file input-v4.cif (mmCIF, C-alpha atoms)
data_input
loop_
_atom_site.group_PDB
_atom_site.id
_atom_site.type_symbol
_atom_site.label_atom_id
_atom_site.label_comp_id
_atom_site.auth_asym_id
_atom_site.auth_seq_id
_atom_site.Cartn_x
_atom_site.Cartn_y
_atom_site.Cartn_z
ATOM 1 C CA ILE A 1 -62.917 133.153 -102.723
ATOM 2 C CA HIS A 2 -63.089 135.633 -105.594
ATOM 3 C CA SER A 3 -62.525 133.002 -108.295
ATOM 4 C CA VAL A 4 -65.331 130.878 -106.866
ATOM 5 C CA PHE A 5 -67.698 133.829 -106.959
ATOM 6 C CA ASN A 6 -66.704 134.745 -110.550
ATOM 7 C CA THR A 7 -67.559 131.258 -111.792
ATOM 8 C CA MET A 8 -70.776 131.358 -109.785
ATOM 9 C CA GLU A 9 -71.728 134.611 -111.507
ATOM 10 C CA SER A 10 -71.359 133.286 -115.094
ATOM 11 C CA ALA A 11 -72.795 129.851 -114.342
ATOM 12 C CA PRO A 12 -76.432 130.971 -113.910
ATOM 13 C CA LEU A 13 -76.484 132.676 -117.318
ATOM 14 C CA ALA A 14 -75.203 129.560 -119.109
ATOM 15 C CA VAL A 15 -77.632 127.298 -117.239
ATOM 16 C CA ALA A 16 -80.517 129.657 -117.872
ATOM 17 C CA ALA A 17 -79.753 129.929 -121.593
ATOM 18 C CA ALA A 18 -79.596 126.175 -121.915
ATOM 19 C CA ALA A 19 -82.914 125.798 -120.093
ATOM 20 C CA GLY A 20 -84.572 128.383 -122.252
ATOM 21 C CA GLU A 21 -85.209 130.948 -119.551
ATOM 22 C CA ARG A 22 -85.541 134.587 -120.267
ATOM 23 C CA PRO A 23 -82.566 136.917 -119.774
ATOM 24 C CA ASN A 24 -84.483 139.274 -117.349
ATOM 25 C CA GLU A 25 -85.115 136.422 -114.949
ATOM 26 C CA VAL A 26 -81.481 135.397 -115.226
ATOM 27 C CA LEU A 27 -80.374 138.981 -114.555
ATOM 28 C CA GLN A 28 -82.614 139.204 -111.458
ATOM 29 C CA HIS A 29 -81.205 135.933 -110.260
ATOM 30 C CA THR A 30 -77.682 137.227 -110.979
ATOM 31 C CA ALA A 31 -78.457 140.450 -109.041
ATOM 32 C CA VAL A 32 -79.565 138.395 -106.032
ATOM 33 C CA ALA A 33 -76.459 136.239 -106.454
ATOM 34 C CA GLY A 34 -74.346 139.437 -106.613
ATOM 35 C CA THR A 35 -75.943 140.680 -103.381
ATOM 36 C CA SER A 36 -75.306 137.312 -101.798
ATOM 37 C CA LYS A 37 -71.761 137.423 -103.053
ATOM 38 C CA GLN A 38 -71.244 140.867 -101.520
ATOM 39 C CA ARG A 39 -72.793 139.697 -98.289
ATOM 40 C CA ILE A 40 -70.580 136.602 -98.184
ATOM 41 C CA GLU A 41 -67.520 138.744 -98.949
ATOM 42 C CA SER A 42 -68.549 141.180 -96.205
ATOM 43 C CA LEU A 43 -69.061 138.342 -93.730
ATOM 44 C CA ALA A 44 -65.724 136.784 -94.753
ATOM 45 C CA ALA A 45 -63.991 140.147 -94.241
ATOM 46 C CA LYS A 46 -65.652 140.553 -90.822
ATOM 47 C CA LEU A 47 -64.693 137.002 -89.891
ATOM 48 C CA SER A 48 -61.140 137.658 -91.023
ATOM 49 C CA ASN A 49 -61.051 140.902 -88.999
ATOM 50 C CA LEU A 50 -62.464 139.074 -85.949
ATOM 51 C CA HIS A 51 -59.807 136.395 -86.357
ATOM 52 C CA VAL A 52 -57.039 139.014 -86.570
ATOM 53 C CA ASP A 53 -58.481 140.878 -83.569
ATOM 54 C CA LEU A 54 -58.699 137.618 -81.604
ATOM 55 C CA GLN A 55 -55.072 136.816 -82.427
ATOM 56 C CA LYS A 56 -54.019 140.322 -81.363
ATOM 57 C CA GLU A 57 -56.015 140.012 -78.135
ATOM 58 C CA ASN A 58 -54.510 136.580 -77.433
ATOM 59 C CA ALA A 59 -51.023 137.949 -78.109
ATOM 60 C CA THR A 60 -51.737 140.914 -75.809
ATOM 61 C CA ARG A 61 -53.047 138.628 -73.054
ATOM 62 C CA ARG A 62 -50.103 136.288 -73.494
ATOM 63 C CA GLY A 63 -47.720 139.265 -73.276
ATOM 64 C CA LYS A 64 -49.431 140.555 -70.141
ATOM 65 C CA LEU A 65 -49.395 137.104 -68.550
ATOM 66 C CA GLU A 66 -45.744 136.605 -69.448
ATOM 67 C CA GLY A 67 -44.988 140.031 -67.943
ATOM 68 C CA ARG A 68 -46.864 139.142 -64.767
ATOM 69 C CA MET A 69 -45.087 135.801 -64.600
ATOM 70 C CA ARG A 70 -41.701 137.513 -65.057
ATOM 71 C CA THR A 71 -42.628 139.987 -62.320
ATOM 72 C CA LEU A 72 -43.709 137.195 -59.994
ATOM 73 C CA ASP A 73 -40.593 135.207 -60.821
ATOM 74 C CA GLU A 74 -38.404 138.223 -60.084
ATOM 75 C CA ARG A 75 -40.237 138.837 -56.795
ATOM 76 C CA LEU A 76 -39.865 135.182 -55.868
ATOM 77 C CA THR A 77 -36.176 135.254 -56.747
ATOM 78 C CA ARG A 78 -35.633 138.418 -54.675
ATOM 79 C CA SER A 79 -37.578 136.864 -51.816
ATOM 80 C CA GLN A 80 -35.518 133.672 -51.990
ATOM 81 C CA ILE A 81 -32.287 135.660 -52.074
ATOM 82 C CA ALA A 82 -33.418 137.705 -49.071
ATOM 83 C CA GLU A 83 -34.442 134.547 -47.213
ATOM 84 C CA ASP A 84 -31.135 132.845 -48.056
ATOM 85 C CA THR A 85 -29.260 135.920 -46.843
ATOM 86 C CA ARG A 86 -31.295 136.005 -43.634
ATOM 87 C CA GLN A 87 -30.734 132.294 -43.031
ATOM 88 C CA LYS A 88 -26.998 132.653 -43.696
ATOM 89 C CA LEU A 89 -26.860 135.522 -41.205
ATOM 90 C CA LEU A 90 -28.711 133.424 -38.628
ATOM 91 C CA ARG A 91 -26.398 130.452 -39.261
ATOM 92 C CA ASP A 92 -23.377 132.723 -38.843
ATOM 93 C CA GLN A 93 -24.793 134.172 -35.616
ATOM 94 C CA LEU A 94 -25.554 130.683 -34.340
ATOM 95 C CA ALA A 95 -22.031 129.534 -35.188
ATOM 96 C CA GLN A 96 -20.586 132.570 -33.372
ATOM 97 C CA ALA A 97 -22.791 131.900 -30.347
ATOM 98 C CA ARG A 98 -21.689 128.253 -30.286
ATOM 99 C CA GLU A 99 -18.063 129.303 -30.607
ATOM 100 C CA GLN A 100 -18.466 131.777 -27.748
ATOM 101 C CA LEU A 101 -20.164 129.109 -25.635
ATOM 102 C CA ASP A 102 -17.326 126.705 -26.377
ATOM 103 C CA HIS A 103 -14.776 129.360 -25.358
ATOM 104 C CA GLU A 104 -16.713 130.108 -22.185
ATOM 105 C CA ARG A 105 -16.990 126.398 -21.386
ATOM 106 C CA VAL A 106 -13.251 125.942 -21.877
ATOM 107 C CA ALA A 107 -12.567 129.064 -19.785
ATOM 108 C CA ARG A 108 -14.929 127.785 -17.063
ATOM 109 C CA GLU A 109 -13.209 124.381 -17.081
ATOM 110 C CA ILE A 110 -9.798 126.056 -16.834
ATOM 111 C CA LEU A 111 -11.041 128.287 -14.017
ATOM 112 C CA ASP A 112 -12.583 125.287 -12.266
ATOM 113 C CA GLU A 113 -9.318 123.378 -12.564
ATOM 114 C CA ARG A 114 -7.341 126.402 -11.340
ATOM 115 C CA LYS A 115 -9.671 126.900 -8.372
ATOM 116 C CA SER A 116 -9.514 123.188 -7.545
ATOM 117 C CA LYS A 117 -5.699 123.372 -7.517
ATOM 118 C CA GLU A 118 -5.814 126.511 -5.405
ATOM 119 C CA LEU A 119 -8.172 124.782 -2.969
ATOM 120 C CA GLN A 120 -5.901 121.752 -2.823
ATOM 121 C CA LEU A 121 -2.922 124.054 -2.234
ATOM 122 C CA VAL A 122 -4.764 125.932 0.510
ATOM 123 C CA GLU A 123 -5.847 122.630 2.072
ATOM 124 C CA SER A 124 -2.316 121.211 1.901
ATOM 125 C CA ASN A 125 -0.862 124.475 3.288
ATOM 126 C CA ALA A 126 -3.438 124.459 6.053
ATOM 127 C CA ALA A 127 -2.683 120.808 6.805
ATOM 128 C CA LEU A 128 1.051 121.553 6.756
ATOM 129 C CA GLU A 129 0.641 124.568 9.015
ATOM 130 C CA LEU A 130 -1.588 122.526 11.305
ATOM 131 C CA ALA A 131 1.039 119.786 11.400
ATOM 132 C CA GLU A 132 3.740 122.372 12.086
ATOM 133 C CA GLU A 133 1.625 123.894 14.833
ATOM 134 C CA ARG A 134 1.041 120.446 16.332
ATOM 135 C CA GLN A 135 4.746 119.740 16.110
ATOM 136 C CA ALA A 136 5.586 123.092 17.680
ATOM 137 C CA ARG A 137 3.024 122.499 20.421
ATOM 138 C CA GLN A 138 4.340 119.042 21.059
ATOM 139 C CA GLU A 139 7.909 120.374 21.188
ATOM 140 C CA LEU A 140 6.775 123.152 23.485
ATOM 141 C CA GLU A 141 4.950 120.684 25.715
ATOM 142 C CA GLU A 142 8.015 118.469 25.817
ATOM 143 C CA ARG A 143 10.296 121.372 26.635
ATOM 144 C CA LEU A 144 7.920 122.624 29.275
ATOM 145 C CA SER A 145 7.604 119.152 30.616
ATOM 146 C CA HIS A 146 11.343 118.826 30.641
ATOM 147 C CA GLU A 147 11.785 122.178 32.372
ATOM 148 C CA VAL A 148 9.090 121.302 34.905
ATOM 149 C CA ASP A 149 10.832 118.013 35.530
ATOM 150 C CA GLN A 150 14.136 119.773 35.968
ATOM 151 C CA CYS A 151 12.635 122.335 38.312
ATOM 152 C CA TYR A 152 11.191 119.584 40.506
ATOM 153 C CA LEU A 153 14.339 117.558 40.374
ATOM 154 C CA GLN A 154 16.521 120.229 41.485
#

call {"tool": "encode", "arguments": {"input": "input-v4.cif", "output": "structure tokens"}}
result
Amino acid sequence: IHSVFNTMESAPLAVAAAAGERPNEVLQHTAVAGTSKQRIESLAAKLSNLHVDLQKENATRRGKLEGRMRTLDERLTRSQIAEDTRQKLLRDQLAQAREQLDHERVAREILDERKSKELQLVESNAALELAEERQARQELEERLSHEVDQCYLQ
């Protein structure tokens, strides 16, 4: 930018001399050009500063957003880990409950089988005792009948 302004500063004097203008007019024109040059340099500096500030602000925003995203990611990861742990615990509890139910079912089936055998044993013992009692009664009746017959026959 500076080299452009330096050539712009000397150019009006050469053009003015060739055109036959007076040096005072050229100097006034050069003074206005110098003021314009300072103004352009000032505006360029401000624009450059604004650009730097904008880049800094963008970098700051980006950093803050990246920090927030990291924080959210960490929270999500912790939440997922906690949820996975909770689900694993529930699966383990469910598996234990199923295992206990299976054991109870097997125990109930064994008990049912045992009670059925006991009932069959009691029924067979009762039937056997009833048969023995019938046999004993029949033998008693026959003996009594035989004794009665012998008492009458004698």

call {"tool": "atom_distance", "arguments": {"input": "input-v4.cif", "atom1": "CA of Gln80 (chain A)", "atom2": "CA of Glu99 (chain A)"}}
result
27.9 Å

call {"tool": "atom_distance", "arguments": {"input": "input-v4.cif", "atom1": "CA of Lys37 (chain A)", "atom2": "CA of Leu50 (chain A)"}}
result
19.5 Å

call {"tool": "atom_distance", "arguments": {"input": "input-v4.cif", "atom1": "CA of Val52 (chain A)", "atom2": "CA of Glu66 (chain A)"}}
result
20.7 Å
